[in-house]
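Source file entry05.txt; content: compact mmCIF, C-alpha atoms.
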# COMPACT_ATOMS: atom_id res chain seq x y z
CA PRO C 1 148.36 76.90 63.67
CA LEU C 2 149.72 78.24 60.43
CA TYR C 3 152.40 80.16 62.34
CA GLY C 4 153.88 80.21 65.84
CA TRP C 5 154.73 77.90 68.69
CA MET C 6 152.04 75.49 69.91
CA ASN C 7 151.93 73.23 72.99
CA ASP C 8 149.70 72.04 75.86
CA PRO C 9 146.16 71.23 74.72
CA ASN C 10 143.64 72.90 77.05
CA GLY C 11 139.97 73.10 77.84
CA MET C 12 138.51 70.66 75.33
CA PHE C 13 134.72 70.38 75.39
CA TYR C 14 131.88 69.19 73.15
CA LYS C 15 128.72 71.22 72.65
CA ASP C 16 126.04 71.35 69.96
CA GLY C 17 127.87 68.92 67.68
CA VAL C 18 131.23 70.74 67.79
CA TRP C 19 134.46 69.87 69.59
CA HIS C 20 136.44 72.86 70.81
CA LEU C 21 140.14 72.47 71.54
CA TYR C 22 142.31 75.23 72.94
CA TYR C 23 146.09 75.16 73.20
CA GLN C 24 148.96 77.35 74.30
CA LEU C 25 150.14 79.44 71.38
CA ASN C 26 152.82 82.03 70.74
CA PRO C 27 151.29 83.79 67.74
CA TYR C 28 154.38 86.01 67.34
CA GLY C 29 157.24 83.53 67.02
CA SER C 30 158.46 79.98 66.74
CA LYS C 31 159.66 79.65 70.36
CA TRP C 32 157.86 79.29 73.68
CA GLN C 33 156.87 82.74 75.00
CA ASN C 34 153.97 85.22 74.69
CA MET C 35 151.41 82.51 75.49
CA THR C 36 147.76 82.91 74.51
CA TRP C 37 145.08 80.27 73.95
CA GLY C 38 144.78 79.24 70.31
CA HIS C 39 141.51 77.60 69.23
CA SER C 40 140.44 74.91 66.76
CA THR C 41 137.07 73.24 66.17
CA SER C 42 136.02 69.91 64.71
CA ASN C 43 132.84 67.99 64.02
CA ASP C 44 134.59 64.60 63.89
CA LEU C 45 137.91 64.90 65.83
CA ILE C 46 139.78 64.26 62.56
CA HIS C 47 139.31 67.42 60.51
CA TRP C 48 140.07 70.64 62.37
CA GLU C 49 139.42 74.28 61.53
CA HIS C 50 141.54 77.04 63.08
CA GLN C 51 139.59 79.76 64.84
CA PRO C 52 140.70 83.19 66.08
CA ASN C 53 142.69 83.13 69.31
CA ALA C 54 140.41 82.52 72.28
CA ILE C 55 142.10 84.09 75.32
CA THR C 56 144.88 86.60 74.93
CA GLN C 57 147.39 88.21 77.26
CA ASN C 58 146.13 90.93 79.56
CA GLY C 59 147.36 93.00 82.49
CA LEU C 60 147.82 89.88 84.63
CA GLY C 61 150.33 88.31 82.23
CA THR C 62 150.47 85.57 79.66
CA VAL C 63 147.86 82.82 79.40
CA PHE C 64 149.09 79.42 80.59
CA SER C 65 147.26 76.10 80.66
CA GLY C 66 143.83 75.47 82.14
CA SER C 67 140.47 73.87 81.48
CA SER C 68 136.94 74.69 80.33
CA VAL C 69 133.47 73.57 81.38
CA ILE C 70 129.91 74.08 80.24
CA ASP C 71 128.11 75.80 83.11
CA ARG C 72 124.75 74.11 82.48
CA HIS C 73 122.90 75.88 85.31
CA GLY C 74 124.61 79.28 85.22
CA SER C 75 126.22 78.89 88.63
CA ALA C 76 128.94 81.43 87.71
CA GLY C 77 126.37 84.11 86.88
CA PHE C 78 127.05 84.30 83.13
CA GLY C 79 123.91 82.42 82.03
CA ASN C 80 122.92 78.81 81.47
CA ASP C 81 125.31 76.90 79.20
CA ALA C 82 128.01 79.60 79.35
CA ILE C 83 131.50 78.26 78.72
CA ILE C 84 133.81 78.95 81.65
CA ALA C 85 137.58 78.72 81.28
CA LEU C 86 140.04 78.75 84.16
CA TYR C 87 143.66 79.36 83.24
CA THR C 88 146.91 80.40 84.86
CA SER C 89 147.86 84.05 84.47
CA ALA C 90 151.65 84.17 84.53
CA SER C 91 153.74 87.25 85.14
CA THR C 92 155.97 87.78 88.15
CA SER C 93 153.80 85.16 89.86
CA GLN C 94 151.25 82.57 88.81
CA MET C 95 147.58 83.02 89.67
CA GLN C 96 144.31 81.59 88.43
CA SER C 97 141.97 83.61 86.24
CA LEU C 98 138.50 83.08 84.77
CA ALA C 99 137.17 83.87 81.31
CA PHE C 100 133.63 83.26 80.08
CA SER C 101 131.95 82.80 76.72
CA SER C 102 128.29 83.16 75.80
CA ASP C 103 128.80 82.13 72.16
CA ASN C 104 129.81 78.48 72.68
CA GLY C 105 133.50 79.18 73.20
CA TYR C 106 134.28 81.22 70.10
CA THR C 107 135.02 84.41 72.03
CA PHE C 108 135.93 84.85 75.70
CA HIS C 109 135.73 87.79 78.08
CA ASN C 110 138.01 88.02 81.08
CA PHE C 111 136.18 88.21 84.40
CA ASN C 112 136.55 91.66 86.00
CA GLY C 113 137.29 90.03 89.39
CA ASN C 114 140.47 88.29 88.20
CA PRO C 115 142.54 86.79 89.60
CA ILE C 116 140.07 84.44 91.28
CA LEU C 117 142.74 82.49 93.17
CA THR C 118 146.22 83.42 94.35
CA LEU C 119 148.64 81.48 96.52
CA GLU C 120 151.93 82.46 98.12
CA THR C 121 153.94 80.27 95.72
CA GLU C 122 153.52 79.11 92.12
CA ALA C 123 150.37 77.21 91.21
CA ARG C 124 149.22 76.40 87.71
CA ASP C 125 147.19 74.33 85.27
CA PRO C 126 143.73 74.34 86.90
CA ASN C 127 141.52 71.42 85.92
CA MET C 128 137.88 71.81 86.98
CA PHE C 129 134.82 69.60 86.72
CA TRP C 130 131.31 69.23 88.10
CA ASN C 131 131.14 66.67 90.92
CA ASP C 132 127.71 65.07 90.68
CA VAL C 133 128.12 63.31 94.03
CA THR C 134 128.80 66.46 96.09
CA LYS C 135 126.85 68.82 93.77
CA GLU C 136 129.72 71.30 93.50
CA TRP C 137 132.56 72.27 91.21
CA ASN C 138 135.95 70.74 91.96
CA MET C 139 139.36 71.93 90.83
CA VAL C 140 142.72 70.20 90.82
CA LEU C 141 145.70 72.56 90.81
CA ALA C 142 149.44 71.88 90.55
CA HIS C 143 151.30 73.57 93.42
CA ALA C 144 154.55 73.27 91.53
CA LEU C 145 157.29 74.45 93.87
CA GLU C 146 155.69 72.62 96.79
CA HIS C 147 155.56 69.36 94.78
CA GLU C 148 151.93 68.75 95.58
CA ILE C 149 148.46 68.76 94.08
CA LEU C 150 145.74 70.91 95.63
CA PHE C 151 142.01 70.13 95.59
CA PHE C 152 139.43 72.93 95.77
CA SER C 153 135.63 73.16 95.67
CA SER C 154 133.26 75.94 94.59
CA ASN C 155 129.58 76.64 94.12
CA ASP C 156 130.06 79.46 91.60
CA LEU C 157 133.40 78.81 89.77
CA LYS C 158 134.69 82.13 91.15
CA ASN C 159 135.21 81.49 94.87
CA TRP C 160 137.28 78.42 95.68
CA THR C 161 137.90 76.68 99.01
CA LEU C 162 140.94 74.48 99.58
CA ARG C 163 139.69 71.01 100.60
CA SER C 164 142.82 68.85 100.59
CA ARG C 165 146.29 68.34 99.20
CA PHE C 166 148.33 65.41 98.01
CA GLY C 167 151.98 64.62 97.34
CA LYS C 168 154.11 66.91 99.48
CA GLY C 169 156.68 64.87 101.39

Just give me the structure of the file as structure tokens.
Amino acid sequence: PLYGWMNDPNGMFYKDGVWHLYYQLNPYGSKWQNMTWGHSTSNDLIHWEHQPNAITQNGLGTVFSGSSVIDRHGSAGFGNDAIIALYTSASTSQMQSLAFSSDNGYTFHNFNGNPILTLETEARDPNMFWNDVTKEWNMVLAHALEHEILFFSSNDLKNWTLRSRFGKG
């Protein structure tokens, strides 16, 4: 970005000849705080064009890292080929929120049902993907204070079921 703190690339996807890359951004200062998702696009992964910020702070807190997918079959209810982003909302706790885009990732709208996933202790950085073998969405989530990784599944990207965990102990 032309100004501000930048870190943690997020939610990269390719659609209709354009790469979209999001990243944590403090648009107000040169230190880490006030996180939103900045946005850049490229046709060749070499030359990048800055776009307006994609996901900004809201009543649930700042916008930490996450991932994006193309919902080819509209399983989340926002239409075929909608872009779905999951990210960590961080305030007094960390919870997972969903935003959706119907214009190929240029603008996002926060889902009214946020947060979509809360745990008793910190969890962050959701990474989701379509599992072609099981025909469902899967998410990997860092359960930071517990020193473990959690694995979830979903049919609609909004309701997630814990399937397994790895690393604790």

Problem - Residues within 12 Å of range 100-113 of chain C, only C-alpha atoms, excluding chain neighbours under 3 positions, as a ChimeraX atom specification - result: /C:11-22,37-41,50-60,63,67-72,74,76-87,89,96-97,116-117,157-159

Exercise for the section: Please measure the separation of CA of Ala144 in chain C and CA of Phe129 in chain C, giving the value in Å to one decimal. Expected result: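 For CA of Ala144 in chain C relative to CA of Phe129 in chain C, the distance reads 20.6 Å.
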
Exercise for the section: Record the distance separating CA of Trp32 in chain C and CA of Arg124 in chain C, expressed in Å with one decimal. Expected result: 16.7 Å

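Checking C:Val140, C:Glu122, C:Arg165, C:Phe152 one by one against Thr92 in chain C, counting only C-alpha atoms, you find the shortest gap at C:Glu122.
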
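CA of Ser75 in chain C lies 13.1 Å from CA of Asn138 in chain C.
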
Practice task
Rank nothing, just name the residue among C:Thr161, C:Ile149, C:Met6, C:Gly169 nearest to Gln33 in chain C, using all atoms listed in the file.
Solution key: C:Met6

What would range 11-24 of chain C look like with N, CA and C atoms in place, written as a compact mmCIF listing (two decimals), in the frame of the given file?
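In the end it all went to part_37.txt:
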# COMPACT_ATOMS: atom_id res chain seq x y z
N GLY C 11 141.37 72.74 77.83
CA GLY C 11 139.97 73.10 77.84
C GLY C 11 139.09 72.48 76.79
N MET C 12 139.35 71.27 76.37
CA MET C 12 138.51 70.66 75.33
C MET C 12 137.11 70.40 75.86
N PHE C 13 136.10 70.71 75.04
CA PHE C 13 134.72 70.38 75.39
C PHE C 13 133.93 70.14 74.10
N TYR C 14 132.77 69.51 74.26
CA TYR C 14 131.88 69.19 73.15
C TYR C 14 130.53 69.82 73.44
N LYS C 15 130.03 70.59 72.48
CA LYS C 15 128.72 71.22 72.65
C LYS C 15 128.09 71.46 71.30
N ASP C 16 126.83 71.10 71.17
CA ASP C 16 126.04 71.35 69.96
C ASP C 16 126.71 70.79 68.71
N GLY C 17 127.29 69.59 68.83
CA GLY C 17 127.87 68.92 67.68
C GLY C 17 129.27 69.37 67.30
N VAL C 18 129.90 70.21 68.12
CA VAL C 18 131.23 70.74 67.79
C VAL C 18 132.18 70.50 68.95
N TRP C 19 133.36 69.98 68.63
CA TRP C 19 134.46 69.87 69.59
C TRP C 19 135.27 71.16 69.54
N HIS C 20 135.60 71.67 70.70
CA HIS C 20 136.44 72.86 70.81
C HIS C 20 137.72 72.45 71.53
N LEU C 21 138.84 72.77 70.94
CA LEU C 21 140.14 72.47 71.54
C LEU C 21 140.96 73.75 71.58
N TYR C 22 141.45 74.07 72.75
CA TYR C 22 142.31 75.23 72.94
C TYR C 22 143.72 74.72 73.20
N TYR C 23 144.70 75.56 73.02
CA TYR C 23 146.09 75.16 73.20
C TYR C 23 146.92 76.41 73.44
N GLN C 24 148.04 76.23 74.12
CA GLN C 24 148.96 77.35 74.30
C GLN C 24 149.57 77.69 72.95
